Amino acid sequence: GRGFAFQRKQKIERQYRKLLRKGRKVQSQQDDQFTDTYPEHLKHLYLAEEEMLKKRRCRAPENSALSGEKLNPAVDSSVLETIRCHCTVLPQDGDENKAKVLNFFLLQDRVKFKKKTSNQKAKEEYERIKAERARKKEEAEKRKQQREAAQRLYKQKKMEAYKILSKKTKRGQPNLNLQMEYLLQKIEQNT
């Protein structure tokens, strides 16, 4: 019989037709938006835009994929050529059904970016929170390492100063010569 690929193709074509029907409904609802209550000084602009939109609506059914061999104008011929070069979806002879399916995929991707399910939103929120936590953890780790390095350096300097200042002579007296050298070094470092 017919394999799963044929059923998938049929499903995609049904979804594509459904998307086209939705687009026509939106256009018919937009017909009511034009009224004659335009400001006088801008009336010519509104009327020109209204005529342009009506012309586009009249042309749209001719170019739709359901009317015959023609493709939807949303897919440019250069885009199709690029896809023919880089993908195996379209053969070189330009099979129209496959072009329709490809066009539907392009439109479906646009719709997916606009509408997100609650599950997708929750996943995105989770990923964002997870990334934020990881970033905060890294920052805390960096601060901790810097603090530990600063403490080690401080302890090392204190230990050196203690060794120099605690040295004694043979008779147990503090070695003032070493203490004076240490103070001299300290003064030179500060200036």
# chains A, B, ... in the order shown; residues from 1 in each chain; ligands from 1
>>> residues_around(residues="stretch 161-173 of chain A", least_positions_apart="5", cutoff="12 Å", atoms="only C-alpha atoms", output="MDAnalysis selection string")
chainID A and resid 154:156 178:183 185:186
>>> atom_distance(atom1="atom CA of A:Arg2", atom2="atom CA of A:Arg21")
27.6 Å
